[in-house]
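Printed here is work.csv (CSV, N, CA and C atoms):
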```
chain,number,residue,atom,x,y,z
A,1012,MET,N,91.6,154.7,137.3
A,1012,MET,CA,90.2,154.5,137.5
A,1012,MET,C,89.6,153.8,136.3
A,1013,SER,N,88.8,152.9,136.5
A,1013,SER,CA,88.2,152.2,135.3
A,1013,SER,C,86.9,152.7,134.8
A,1014,LEU,N,86.1,153.4,135.6
A,1014,LEU,CA,84.9,154.0,135.2
A,1014,LEU,C,84.8,155.4,135.6
A,1015,ASP,N,84.1,156.2,134.8
A,1015,ASP,CA,83.9,157.6,135.1
A,1015,ASP,C,82.5,157.7,135.7
A,1016,VAL,N,82.5,157.6,137.0
A,1016,VAL,CA,81.2,157.5,137.8
A,1016,VAL,C,80.7,158.9,138.1
A,1017,SER,N,79.5,159.2,137.8
A,1017,SER,CA,78.8,160.4,138.1
A,1017,SER,C,78.6,160.6,139.5
A,1018,PRO,N,78.5,161.8,140.1
A,1018,PRO,CA,78.2,162.0,141.5
A,1018,PRO,C,76.8,161.3,141.8
A,1019,ALA,N,75.9,161.4,140.9
A,1019,ALA,CA,74.5,160.8,141.2
A,1019,ALA,C,74.6,159.3,141.4
A,1020,LEU,N,75.4,158.6,140.5
A,1020,LEU,CA,75.5,157.2,140.6
A,1020,LEU,C,76.3,156.8,141.8
A,1021,LEU,N,77.3,157.6,142.2
A,1021,LEU,CA,78.1,157.3,143.4
A,1021,LEU,C,77.2,157.4,144.6
A,1022,GLU,N,76.3,158.4,144.6
A,1022,GLU,CA,75.4,158.6,145.7
A,1022,GLU,C,74.4,157.4,145.8
A,1023,GLN,N,74.0,156.9,144.7
A,1023,GLN,CA,73.1,155.7,144.7
A,1023,GLN,C,73.9,154.5,145.4
A,1024,ALA,N,75.2,154.3,145.0
A,1024,ALA,CA,76.0,153.3,145.6
A,1024,ALA,C,76.2,153.5,147.1
A,1025,GLU,N,76.3,154.7,147.5
A,1025,GLU,CA,76.5,155.0,148.9
A,1025,GLU,C,75.3,154.7,149.7
A,1026,ARG,N,74.1,154.9,149.1
A,1026,ARG,CA,72.8,154.7,149.8
A,1026,ARG,C,72.4,153.3,149.8
A,1027,GLY,N,72.9,152.5,148.9
A,1027,GLY,CA,72.5,151.1,148.8
A,1027,GLY,C,72.5,150.6,147.4
A,1028,GLU,N,71.3,150.1,147.0
A,1028,GLU,CA,71.2,149.5,145.6
A,1028,GLU,C,71.4,150.5,144.5
A,1029,VAL,N,72.0,150.0,143.4
A,1029,VAL,CA,72.2,150.8,142.2
A,1029,VAL,C,71.4,150.3,141.1
A,1030,ASP,N,70.8,151.3,140.4
A,1030,ASP,CA,70.0,150.9,139.2
A,1030,ASP,C,71.0,150.3,138.1
A,1031,GLU,N,70.8,149.1,137.7
A,1031,GLU,CA,71.7,148.4,136.8
A,1031,GLU,C,71.7,149.1,135.5
A,1032,ALA,N,70.6,149.6,135.0
A,1032,ALA,CA,70.6,150.3,133.7
A,1032,ALA,C,71.6,151.6,133.7
A,1033,GLU,N,71.6,152.3,134.9
A,1033,GLU,CA,72.5,153.4,135.0
A,1033,GLU,C,73.9,152.9,135.1
A,1034,PHE,N,74.2,151.8,135.8
A,1034,PHE,CA,75.5,151.3,135.8
A,1034,PHE,C,76.0,150.9,134.4
A,1035,VAL,N,75.1,150.2,133.6
A,1035,VAL,CA,75.5,149.8,132.3
A,1035,VAL,C,75.8,151.1,131.4
A,1036,ASP,N,75.0,152.1,131.6
A,1036,ASP,CA,75.2,153.3,130.9
A,1036,ASP,C,76.6,153.9,131.2
A,1037,CYS,N,77.0,153.8,132.5
A,1037,CYS,CA,78.3,154.3,133.0
A,1037,CYS,C,79.4,153.5,132.3
A,1038,VAL,N,79.2,152.2,132.2
A,1038,VAL,CA,80.2,151.4,131.5
A,1038,VAL,C,80.2,151.8,130.0
A,1039,ARG,N,79.1,152.0,129.4
A,1039,ARG,CA,79.1,152.4,128.0
A,1039,ARG,C,79.9,153.6,127.7
A,1040,THR,N,79.7,154.6,128.6
A,1040,THR,CA,80.4,155.9,128.3
A,1040,THR,C,81.8,155.9,128.8
A,1041,SER,N,82.1,155.1,129.8
A,1041,SER,CA,83.5,155.0,130.3
A,1041,SER,C,84.4,154.1,129.5
A,1042,LEU,N,83.9,153.1,128.9
A,1042,LEU,CA,84.7,152.1,128.2
A,1042,LEU,C,84.2,152.0,126.8
A,1043,PRO,N,84.2,153.0,126.0
A,1043,PRO,CA,83.6,153.0,124.6
A,1043,PRO,C,84.2,152.0,123.7
A,1044,TYR,N,85.4,151.7,123.7
A,1044,TYR,CA,86.0,150.7,122.8
A,1044,TYR,C,85.5,149.3,123.2
A,1045,ALA,N,85.5,149.0,124.5
A,1045,ALA,CA,85.0,147.7,124.9
A,1045,ALA,C,83.5,147.6,124.6
A,1046,TRP,N,82.7,148.6,124.8
A,1046,TRP,CA,81.3,148.6,124.5
A,1046,TRP,C,81.0,148.4,123.1
A,1047,GLU,N,81.8,149.1,122.2
A,1047,GLU,CA,81.6,148.9,120.8
A,1047,GLU,C,81.9,147.5,120.3
A,1048,MET,N,83.0,147.0,120.9
A,1048,MET,CA,83.5,145.6,120.5
A,1048,MET,C,82.4,144.6,120.8
A,1049,ILE,N,81.9,144.7,122.1
A,1049,ILE,CA,80.8,143.7,122.5
A,1049,ILE,C,79.5,143.9,121.7
A,1050,SER,N,79.1,145.2,121.6
A,1050,SER,CA,77.9,145.5,120.8
A,1050,SER,C,78.0,144.9,119.4
A,1051,SER,N,79.1,145.1,118.7
A,1051,SER,CA,79.2,144.7,117.4
A,1051,SER,C,79.2,143.1,117.3
A,1052,LEU,N,79.8,142.5,118.3
A,1052,LEU,CA,79.8,141.0,118.3
A,1052,LEU,C,78.4,140.5,118.5
A,1053,VAL,N,77.7,141.1,119.4
A,1053,VAL,CA,76.3,140.7,119.7
A,1053,VAL,C,75.5,140.9,118.4
A,1054,ALA,N,75.6,142.0,117.7
A,1054,ALA,CA,74.9,142.2,116.4
A,1054,ALA,C,75.3,141.2,115.4
A,1055,GLN,N,76.6,140.8,115.3
A,1055,GLN,CA,77.1,139.8,114.4
A,1055,GLN,C,76.5,138.5,114.7
A,1056,LEU,N,76.4,138.1,116.0
A,1056,LEU,CA,75.8,136.8,116.4
A,1056,LEU,C,74.4,136.8,116.0
A,1057,LYS,N,73.6,137.9,116.1
A,1057,LYS,CA,72.2,137.9,115.8
A,1057,LYS,C,72.0,137.8,114.3
A,1058,VAL,N,72.9,138.4,113.5
A,1058,VAL,CA,72.7,138.4,112.0
A,1058,VAL,C,73.2,137.0,111.5
A,1059,ASP,N,74.4,136.6,111.9
A,1059,ASP,CA,75.0,135.4,111.3
A,1059,ASP,C,74.5,134.1,112.0
A,1060,GLY,N,74.0,134.2,113.2
A,1060,GLY,CA,73.7,133.0,113.9
A,1060,GLY,C,74.9,132.2,114.3
A,1061,GLY,N,74.8,130.9,114.5
A,1061,GLY,CA,75.9,130.1,114.8
A,1061,GLY,C,76.1,130.0,116.3
A,1062,ASP,N,77.2,129.3,116.7
A,1062,ASP,CA,77.5,129.1,118.1
A,1062,ASP,C,78.0,130.3,118.8
A,1063,PHE,N,78.8,131.1,118.1
A,1063,PHE,CA,79.4,132.3,118.8
A,1063,PHE,C,79.9,133.3,117.7
A,1064,ALA,N,80.2,134.5,118.2
A,1064,ALA,CA,80.9,135.5,117.3
A,1064,ALA,C,82.1,136.0,118.1
A,1065,ASP,N,83.2,136.2,117.5
A,1065,ASP,CA,84.4,136.6,118.2
A,1065,ASP,C,85.2,137.6,117.4
A,1066,ASN,N,86.1,138.3,118.1
A,1066,ASN,CA,87.0,139.2,117.5
A,1066,ASN,C,88.4,138.7,117.7
A,1067,GLN,N,89.2,138.7,116.6
A,1067,GLN,CA,90.5,138.2,116.7
A,1067,GLN,C,91.6,139.3,116.4
A,1068,THR,N,91.1,140.5,116.2
A,1068,THR,CA,92.0,141.6,115.9
A,1068,THR,C,92.4,142.3,117.2
A,1069,PRO,N,93.7,142.4,117.4
A,1069,PRO,CA,94.1,143.2,118.6
A,1069,PRO,C,93.6,144.6,118.6
A,1070,PRO,N,93.4,145.2,119.8
A,1070,PRO,CA,93.0,146.6,119.9
A,1070,PRO,C,94.1,147.5,119.2
A,1071,PRO,N,93.6,148.7,118.8
A,1071,PRO,CA,94.5,149.6,118.1
A,1071,PRO,C,95.6,150.2,119.0
A,1072,ASN,N,95.4,150.2,120.3
A,1072,ASN,CA,96.3,150.8,121.3
A,1072,ASN,C,96.1,150.3,122.7
A,1073,GLU,N,97.0,150.7,123.6
A,1073,GLU,CA,97.0,150.1,124.9
A,1073,GLU,C,95.7,150.7,125.7
A,1074,GLN,N,95.3,151.9,125.4
A,1074,GLN,CA,94.1,152.4,126.0
A,1074,GLN,C,92.9,151.5,125.7
A,1075,ALA,N,92.7,151.1,124.4
A,1075,ALA,CA,91.6,150.2,124.0
A,1075,ALA,C,91.8,148.8,124.7
A,1076,ARG,N,93.0,148.3,124.7
A,1076,ARG,CA,93.3,147.0,125.4
A,1076,ARG,C,92.9,147.1,126.8
A,1077,GLY,N,93.2,148.2,127.5
A,1077,GLY,CA,92.9,148.4,128.9
A,1077,GLY,C,91.4,148.4,129.1
A,1078,GLN,N,90.7,148.9,128.2
A,1078,GLN,CA,89.2,149.0,128.3
A,1078,GLN,C,88.6,147.5,128.3
A,1079,LEU,N,89.1,146.7,127.4
A,1079,LEU,CA,88.7,145.3,127.3
A,1079,LEU,C,89.0,144.6,128.6
A,1080,LEU,N,90.2,144.8,129.1
A,1080,LEU,CA,90.6,144.1,130.3
A,1080,LEU,C,89.8,144.5,131.5
A,1081,ARG,N,89.5,145.8,131.6
A,1081,ARG,CA,88.7,146.3,132.7
A,1081,ARG,C,87.2,145.8,132.6
A,1082,ALA,N,86.7,145.8,131.4
A,1082,ALA,CA,85.3,145.3,131.2
A,1082,ALA,C,85.2,143.8,131.5
A,1083,LEU,N,86.1,143.0,131.1
A,1083,LEU,CA,86.0,141.6,131.2
A,1083,LEU,C,86.6,141.0,132.4
A,1084,ALA,N,87.5,141.7,133.1
A,1084,ALA,CA,88.1,141.2,134.3
A,1084,ALA,C,87.2,141.5,135.6
A,1085,SER,N,86.4,142.5,135.4
A,1085,SER,CA,85.5,142.9,136.6
A,1085,SER,C,84.2,142.0,136.5
A,1086,ASP,N,84.0,141.3,137.6
A,1086,ASP,CA,82.8,140.4,137.7
A,1086,ASP,C,81.5,141.3,137.6
A,1087,ALA,N,81.5,142.4,138.2
A,1087,ALA,CA,80.3,143.3,138.2
A,1087,ALA,C,80.1,143.8,136.8
A,1088,ILE,N,81.1,144.3,136.1
A,1088,ILE,CA,80.9,144.9,134.8
A,1088,ILE,C,80.6,143.8,133.8
A,1089,ARG,N,81.3,142.7,133.8
A,1089,ARG,CA,81.1,141.6,132.9
A,1089,ARG,C,79.6,141.0,133.1
A,1090,GLY,N,79.2,140.8,134.3
A,1090,GLY,CA,77.9,140.3,134.6
A,1090,GLY,C,76.8,141.3,134.1
A,1091,ALA,N,77.0,142.6,134.3
A,1091,ALA,CA,76.0,143.5,133.9
A,1091,ALA,C,75.9,143.5,132.3
A,1092,LEU,N,77.1,143.5,131.7
A,1092,LEU,CA,77.1,143.4,130.2
A,1092,LEU,C,76.4,142.2,129.7
A,1093,GLN,N,76.6,141.0,130.3
A,1093,GLN,CA,76.0,139.8,129.9
A,1093,GLN,C,74.5,139.9,130.1
A,1094,ARG,N,74.0,140.4,131.2
A,1094,ARG,CA,72.6,140.6,131.4
A,1094,ARG,C,72.0,141.6,130.4
A,1095,HIS,N,72.7,142.7,130.2
A,1095,HIS,CA,72.2,143.7,129.3
A,1095,HIS,C,72.0,143.2,127.8
A,1096,PHE,N,73.0,142.5,127.4
A,1096,PHE,CA,73.0,142.0,126.0
A,1096,PHE,C,72.4,140.6,125.8
A,1097,GLY,N,72.2,139.9,126.9
A,1097,GLY,CA,71.6,138.6,126.9
A,1097,GLY,C,72.5,137.6,126.2
A,1098,VAL,N,73.8,137.6,126.6
A,1098,VAL,CA,74.8,136.7,126.1
A,1098,VAL,C,75.7,136.3,127.2
A,1099,ARG,N,76.5,135.3,126.9
A,1099,ARG,CA,77.7,134.9,127.7
A,1099,ARG,C,78.9,135.4,127.1
A,1100,LEU,N,79.8,136.0,127.8
A,1100,LEU,CA,81.1,136.5,127.3
A,1100,LEU,C,82.2,135.6,127.6
A,1101,ALA,N,83.2,135.5,126.7
A,1101,ALA,CA,84.4,134.7,126.9
A,1101,ALA,C,85.5,135.6,126.5
A,1102,PHE,N,86.7,135.4,127.0
A,1102,PHE,CA,87.9,136.2,126.7
A,1102,PHE,C,89.2,135.5,126.7
A,1103,GLN,N,90.0,135.7,125.7
A,1103,GLN,CA,91.3,135.1,125.6
A,1103,GLN,C,92.3,136.2,125.2
A,1104,ASN,N,93.6,136.1,125.6
A,1104,ASN,CA,94.7,136.8,125.1
A,1104,ASN,C,94.6,138.3,125.1
A,1105,CYS,N,93.9,138.9,126.0
A,1105,CYS,CA,93.8,140.3,126.2
A,1105,CYS,C,93.1,141.0,125.0
A,1106,HIS,N,92.5,140.3,124.1
A,1106,HIS,CA,91.8,140.9,123.0
A,1106,HIS,C,90.7,140.0,122.4
A,1107,ARG,N,90.8,138.8,122.5
A,1107,ARG,CA,89.9,137.9,121.8
A,1107,ARG,C,88.6,137.8,122.6
A,1108,VAL,N,87.6,138.6,122.3
A,1108,VAL,CA,86.3,138.6,123.0
A,1108,VAL,C,85.4,137.7,122.2
A,1109,ALA,N,84.6,136.9,122.8
A,1109,ALA,CA,83.6,136.1,122.1
A,1109,ALA,C,82.3,136.2,122.9
A,1110,VAL,N,81.2,136.3,122.1
A,1110,VAL,CA,79.9,136.3,122.7
A,1110,VAL,C,79.2,135.0,122.3
A,1111,PHE,N,78.5,134.4,123.2
A,1111,PHE,CA,77.8,133.1,123.0
A,1111,PHE,C,76.4,133.3,123.4
A,1112,PRO,N,75.4,132.7,122.7
A,1112,PRO,CA,74.0,132.9,123.1
A,1112,PRO,C,73.8,132.2,124.5
A,1113,LEU,N,72.7,132.5,125.1
A,1113,LEU,CA,72.4,131.9,126.4
A,1113,LEU,C,71.9,130.4,126.2
A,1114,ASP,N,71.6,130.1,125.0
A,1114,ASP,CA,71.1,128.7,124.6
A,1114,ASP,C,72.0,127.6,125.1
A,1115,SER,N,71.6,126.7,125.8
A,1115,SER,CA,72.4,125.6,126.3
A,1115,SER,C,73.0,124.7,125.2
A,1116,SER,N,72.5,124.8,124.0
A,1116,SER,CA,73.0,124.0,122.9
A,1116,SER,C,74.4,124.3,122.5
A,1117,VAL,N,74.9,125.5,123.0
A,1117,VAL,CA,76.3,125.9,122.7
A,1117,VAL,C,77.2,125.7,123.9
A,1118,ASP,N,76.7,125.1,124.9
A,1118,ASP,CA,77.6,124.9,126.1
A,1118,ASP,C,78.9,124.2,125.8
A,1119,ASP,N,78.8,123.1,125.0
A,1119,ASP,CA,80.1,122.4,124.6
A,1119,ASP,C,81.0,123.3,123.9
A,1120,ARG,N,80.5,124.1,123.0
A,1120,ARG,CA,81.4,125.0,122.2
A,1120,ARG,C,82.0,126.1,123.2
A,1121,LEU,N,81.3,126.6,124.1
A,1121,LEU,CA,81.8,127.6,125.1
A,1121,LEU,C,82.8,126.9,125.9
A,1122,ALA,N,82.6,125.7,126.4
A,1122,ALA,CA,83.6,124.9,127.2
A,1122,ALA,C,84.9,124.7,126.4
A,1123,ARG,N,84.8,124.4,125.1
A,1123,ARG,CA,86.0,124.3,124.3
A,1123,ARG,C,86.8,125.6,124.2
A,1124,PHE,N,86.0,126.7,124.0
A,1124,PHE,CA,86.6,128.0,123.8
A,1124,PHE,C,87.3,128.4,125.1
A,1125,THR,N,86.7,128.2,126.3
A,1125,THR,CA,87.3,128.6,127.5
A,1125,THR,C,88.2,127.6,128.2
A,1126,SER,N,88.5,126.5,127.5
A,1126,SER,CA,89.3,125.4,128.1
A,1126,SER,C,90.8,125.8,128.1
A,1127,ILE,N,91.6,125.0,128.9
A,1127,ILE,CA,93.0,125.2,128.8
A,1127,ILE,C,93.5,124.9,127.4
A,1128,ARG,N,93.0,123.9,126.8
A,1128,ARG,CA,93.4,123.5,125.4
A,1128,ARG,C,93.1,124.7,124.5
A,1129,GLY,N,91.9,125.3,124.6
A,1129,GLY,CA,91.5,126.4,123.7
A,1129,GLY,C,92.5,127.6,123.9
A,1130,GLN,N,92.8,127.8,125.2
A,1130,GLN,CA,93.8,128.9,125.5
A,1130,GLN,C,95.1,128.7,124.8
A,1131,LEU,N,95.6,127.5,125.0
A,1131,LEU,CA,96.9,127.1,124.4
A,1131,LEU,C,96.9,127.2,122.9
A,1132,LEU,N,95.9,126.7,122.3
A,1132,LEU,CA,95.8,126.8,120.8
A,1132,LEU,C,95.7,128.2,120.3
A,1133,ASN,N,95.3,129.1,121.1
A,1133,ASN,CA,95.1,130.5,120.7
A,1133,ASN,C,96.4,131.3,120.9
A,1134,GLN,N,97.5,130.7,121.2
A,1134,GLN,CA,98.7,131.4,121.5
A,1134,GLN,C,99.4,131.8,120.2
A,1135,SER,N,100.2,132.9,120.2
A,1135,SER,CA,100.9,133.3,119.1
A,1135,SER,C,102.1,134.2,119.6
A,1136,PRO,N,103.3,134.1,119.0
A,1136,PRO,CA,104.4,134.9,119.4
A,1136,PRO,C,104.1,136.4,119.3
A,1137,THR,N,103.2,136.8,118.4
A,1137,THR,CA,102.9,138.2,118.3
A,1137,THR,C,102.0,138.7,119.5
A,1138,LEU,N,101.5,137.8,120.3
A,1138,LEU,CA,100.6,138.2,121.4
A,1138,LEU,C,101.4,138.1,122.8
A,1139,ARG,N,102.6,137.9,122.7
A,1139,ARG,CA,103.4,137.8,124.0
A,1139,ARG,C,103.4,139.0,124.9
A,1140,ASP,N,103.2,140.2,124.3
A,1140,ASP,CA,103.2,141.4,125.1
A,1140,ASP,C,101.8,141.8,125.6
A,1141,CYS,N,100.8,141.1,125.3
A,1141,CYS,CA,99.5,141.5,125.8
A,1141,CYS,C,99.2,141.1,127.2
```
Taking this structure as input, can you express it in the form of structure tokens?
Amino acid sequence: MSLDVSPALLEQAERGEVDEAEFVDCVRTSLPYAWEMISSLVAQLKVDGGDFADNQTPPPNEQARGQLLRALASDAIRGALQRHFGVRLAFQNCHRVAVFPLDSSVDDRLARFTSIRGQLLNQSPTLRDC
């Protein structure tokens, strides 16, 4: 299971619409490593500016790696995180998370980061098991 869903949140889902803030809080508490990674990158982007902020350090263990995969592979979770933080998220190699501002001036940089070429240039023999 990827999220620890409270009975109250599950009841909301069963009745219809879910409060997105409550869903985001569920993500925060269920996937703390992924939440902290994205939060820190958003803070870094705000402080440093630039086109994007990214993490290139592999997670400390498979549980942390799994949290990143669950957060960024789920369209619902990823979308909610992007709306909550006001950024666009990009992901490579099971650990390289990047946050981009919503500003269209970085669209070319985002396209390069998420391109086939960008993926190939980010390969390393040490990442073969991720």
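Residue nearest A:Arg1107 within the list A:Asp1030, A:Asp1065, A:Glu1073, A:Asp1086: A:Asp1065 [criterion: smallest interatomic distance, only C-alpha atoms].
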Quiz prompt | Residue neighbourhood A:Asp1015, 12 Å, only C-alpha atoms, exclusion window fewer than 3 positions, as a PyMOL selection string | solution = chain A and resi 1012+1018-1021+1034-1043
Expected file contents, prior selection, N, CA and C atoms, as a PDB file, keeping the file's coordinate frame:
```pdb
ATOM      1  N   MET A1012      91.600 154.700 137.300  1.00  0.00           N
ATOM      2  CA  MET A1012      90.200 154.500 137.500  1.00  0.00           C
ATOM      3  C   MET A1012      89.600 153.800 136.300  1.00  0.00           C
ATOM      4  N   PRO A1018      78.500 161.800 140.100  1.00  0.00           N
ATOM      5  CA  PRO A1018      78.200 162.000 141.500  1.00  0.00           C
ATOM      6  C   PRO A1018      76.800 161.300 141.800  1.00  0.00           C
ATOM      7  N   ALA A1019      75.900 161.400 140.900  1.00  0.00           N
ATOM      8  CA  ALA A1019      74.500 160.800 141.200  1.00  0.00           C
ATOM      9  C   ALA A1019      74.600 159.300 141.400  1.00  0.00           C
ATOM     10  N   LEU A1020      75.400 158.600 140.500  1.00  0.00           N
ATOM     11  CA  LEU A1020      75.500 157.200 140.600  1.00  0.00           C
ATOM     12  C   LEU A1020      76.300 156.800 141.800  1.00  0.00           C
ATOM     13  N   LEU A1021      77.300 157.600 142.200  1.00  0.00           N
ATOM     14  CA  LEU A1021      78.100 157.300 143.400  1.00  0.00           C
ATOM     15  C   LEU A1021      77.200 157.400 144.600  1.00  0.00           C
ATOM     16  N   PHE A1034      74.200 151.800 135.800  1.00  0.00           N
ATOM     17  CA  PHE A1034      75.500 151.300 135.800  1.00  0.00           C
ATOM     18  C   PHE A1034      76.000 150.900 134.400  1.00  0.00           C
ATOM     19  N   VAL A1035      75.100 150.200 133.600  1.00  0.00           N
ATOM     20  CA  VAL A1035      75.500 149.800 132.300  1.00  0.00           C
ATOM     21  C   VAL A1035      75.800 151.100 131.400  1.00  0.00           C
ATOM     22  N   ASP A1036      75.000 152.100 131.600  1.00  0.00           N
ATOM     23  CA  ASP A1036      75.200 153.300 130.900  1.00  0.00           C
ATOM     24  C   ASP A1036      76.600 153.900 131.200  1.00  0.00           C
ATOM     25  N   CYS A1037      77.000 153.800 132.500  1.00  0.00           N
ATOM     26  CA  CYS A1037      78.300 154.300 133.000  1.00  0.00           C
ATOM     27  C   CYS A1037      79.400 153.500 132.300  1.00  0.00           C
ATOM     28  N   VAL A1038      79.200 152.200 132.200  1.00  0.00           N
ATOM     29  CA  VAL A1038      80.200 151.400 131.500  1.00  0.00           C
ATOM     30  C   VAL A1038      80.200 151.800 130.000  1.00  0.00           C
ATOM     31  N   ARG A1039      79.100 152.000 129.400  1.00  0.00           N
ATOM     32  CA  ARG A1039      79.100 152.400 128.000  1.00  0.00           C
ATOM     33  C   ARG A1039      79.900 153.600 127.700  1.00  0.00           C
ATOM     34  N   THR A1040      79.700 154.600 128.600  1.00  0.00           N
ATOM     35  CA  THR A1040      80.400 155.900 128.300  1.00  0.00           C
ATOM     36  C   THR A1040      81.800 155.900 128.800  1.00  0.00           C
ATOM     37  N   SER A1041      82.100 155.100 129.800  1.00  0.00           N
ATOM     38  CA  SER A1041      83.500 155.000 130.300  1.00  0.00           C
ATOM     39  C   SER A1041      84.400 154.100 129.500  1.00  0.00           C
ATOM     40  N   LEU A1042      83.900 153.100 128.900  1.00  0.00           N
ATOM     41  CA  LEU A1042      84.700 152.100 128.200  1.00  0.00           C
ATOM     42  C   LEU A1042      84.200 152.000 126.800  1.00  0.00           C
ATOM     43  N   PRO A1043      84.200 153.000 126.000  1.00  0.00           N
ATOM     44  CA  PRO A1043      83.600 153.000 124.600  1.00  0.00           C
ATOM     45  C   PRO A1043      84.200 152.000 123.700  1.00  0.00           C
TER      46      PRO A1043
END
```
Exercise. Mind giving me the straight-line distance from atom CA of A:Ala1122 to atom CA of A:Gln1067 in Å, one decimal?
Key: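 About the pair atom CA of A:Ala1122 and atom CA of A:Gln1067: they are 18.3 Å apart.
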Quiz item: Hey, what does DSSP flag as alpha helix (DSSP H) within stretch 1047-1128 of chain A? Can you give it to me as a PyMOL selection string?
Solution: chain A and resi 1047-1059+1073-1084+1086-1096+1118-1124+1127-1128
Quiz item: Could you name the residues that touch A:Gln1078 at 7 Å or less, counting all atoms listed in the file, but leaving out those on the same chain fewer than 3 positions away, as number ranges by chain?
Solution: A: 1042-1046, 1073-1075, 1081-1083
Practice problem: Have a look at atom CA of A:Arg1089 and atom C of A:Gly1077 and let me know their distance in Å, one decimal. | Solution: 12.9 Å
Quiz item: Quick one: DSSP strand (DSSP E or B) residues in stretch 1018-1135 of chain A, as a list in words?
Solution: Ala1064, Asp1065, Val1098, Arg1099, Leu1100, Ala1101, Phe1102, Gln1103, Arg1107, Val1108, Ala1109, Val1110, Phe1111 and Pro1112 of chain A
Quiz item: Of the candidates A:Ala1109, A:Phe1102, A:Leu1092, A:Phe1124, which one gets nearest to A:Ala1032 if we count only C-alpha atoms?
Solution: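 Looking at the shortest contact to A:Ala1032, the residue is A:Leu1092.
For the pair atom CA of A:Arg1026 and atom CA of A:Phe1096, the separation is 27.0 Å.
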Quiz prompt | Residue list as a list of chain:residue names for point (92.9, 142.3, 125.1), cut-off 6 Å, all atoms listed in the file | solution =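 The residues near that point, listed by chain and number, are A:Arg1076, A:Leu1079, A:Leu1080, A:Asn1104, A:Cys1105, A:His1106, A:Arg1107.
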Can I get a file of stretch 1013-1018 of chain A from the given structure, all heavy atoms kept, as a PDB file, in the first residue's frame?
```pdb
ATOM      1  N   SER A1013       0.558   2.181  -0.804  1.00  0.00           N
ATOM      2  CA  SER A1013       1.422   3.356  -0.919  1.00  0.00           C
ATOM      3  C   SER A1013       1.057   4.475   0.042  1.00  0.00           C
ATOM      4  O   SER A1013       1.903   5.272   0.395  1.00  0.00           O
ATOM      5  CB  SER A1013       1.423   3.882  -2.345  1.00  0.00           C
ATOM      6  OG  SER A1013       0.133   4.283  -2.729  1.00  0.00           O
ATOM      7  N   LEU A1014      -0.192   4.556   0.478  1.00  0.00           N
ATOM      8  CA  LEU A1014      -0.605   5.621   1.392  1.00  0.00           C
ATOM      9  C   LEU A1014      -1.320   5.030   2.599  1.00  0.00           C
ATOM     10  O   LEU A1014      -2.057   4.058   2.475  1.00  0.00           O
ATOM     11  CB  LEU A1014      -1.553   6.604   0.691  1.00  0.00           C
ATOM     12  CG  LEU A1014      -1.003   7.374  -0.490  1.00  0.00           C
ATOM     13  CD1 LEU A1014      -2.100   8.228  -1.113  1.00  0.00           C
ATOM     14  CD2 LEU A1014       0.183   8.218  -0.102  1.00  0.00           C
ATOM     15  N   ASP A1015      -1.108   5.642   3.755  1.00  0.00           N
ATOM     16  CA  ASP A1015      -1.827   5.280   4.966  1.00  0.00           C
ATOM     17  C   ASP A1015      -3.072   6.167   5.023  1.00  0.00           C
ATOM     18  O   ASP A1015      -3.014   7.293   5.514  1.00  0.00           O
ATOM     19  CB  ASP A1015      -0.953   5.502   6.201  1.00  0.00           C
ATOM     20  CG  ASP A1015       0.289   4.639   6.180  1.00  0.00           C
ATOM     21  OD1 ASP A1015       0.179   3.465   5.759  1.00  0.00           O
ATOM     22  OD2 ASP A1015       1.360   5.122   6.564  1.00  0.00           O
ATOM     23  N   VAL A1016      -4.163   5.658   4.506  1.00  0.00           N
ATOM     24  CA  VAL A1016      -5.390   6.441   4.359  1.00  0.00           C
ATOM     25  C   VAL A1016      -6.253   6.280   5.612  1.00  0.00           C
ATOM     26  O   VAL A1016      -6.587   5.162   6.002  1.00  0.00           O
ATOM     27  CB  VAL A1016      -6.179   5.996   3.106  1.00  0.00           C
ATOM     28  CG1 VAL A1016      -7.448   6.815   2.943  1.00  0.00           C
ATOM     29  CG2 VAL A1016      -5.297   6.100   1.868  1.00  0.00           C
ATOM     30  N   SER A1017      -6.608   7.395   6.218  1.00  0.00           N
ATOM     31  CA  SER A1017      -7.466   7.368   7.402  1.00  0.00           C
ATOM     32  C   SER A1017      -8.870   6.931   7.010  1.00  0.00           C
ATOM     33  O   SER A1017      -9.302   7.127   5.863  1.00  0.00           O
ATOM     34  CB  SER A1017      -7.520   8.751   8.050  1.00  0.00           C
ATOM     35  OG  SER A1017      -8.276   9.632   7.225  1.00  0.00           O
ATOM     36  N   PRO A1018      -9.602   6.358   7.949  1.00  0.00           N
ATOM     37  CA  PRO A1018     -11.001   5.999   7.655  1.00  0.00           C
ATOM     38  C   PRO A1018     -11.826   7.199   7.191  1.00  0.00           C
ATOM     39  O   PRO A1018     -12.652   7.069   6.297  1.00  0.00           O
ATOM     40  CB  PRO A1018     -11.513   5.452   8.992  1.00  0.00           C
ATOM     41  CG  PRO A1018     -10.283   4.936   9.681  1.00  0.00           C
ATOM     42  CD  PRO A1018      -9.181   5.892   9.273  1.00  0.00           C
TER      43      PRO A1018
END
```
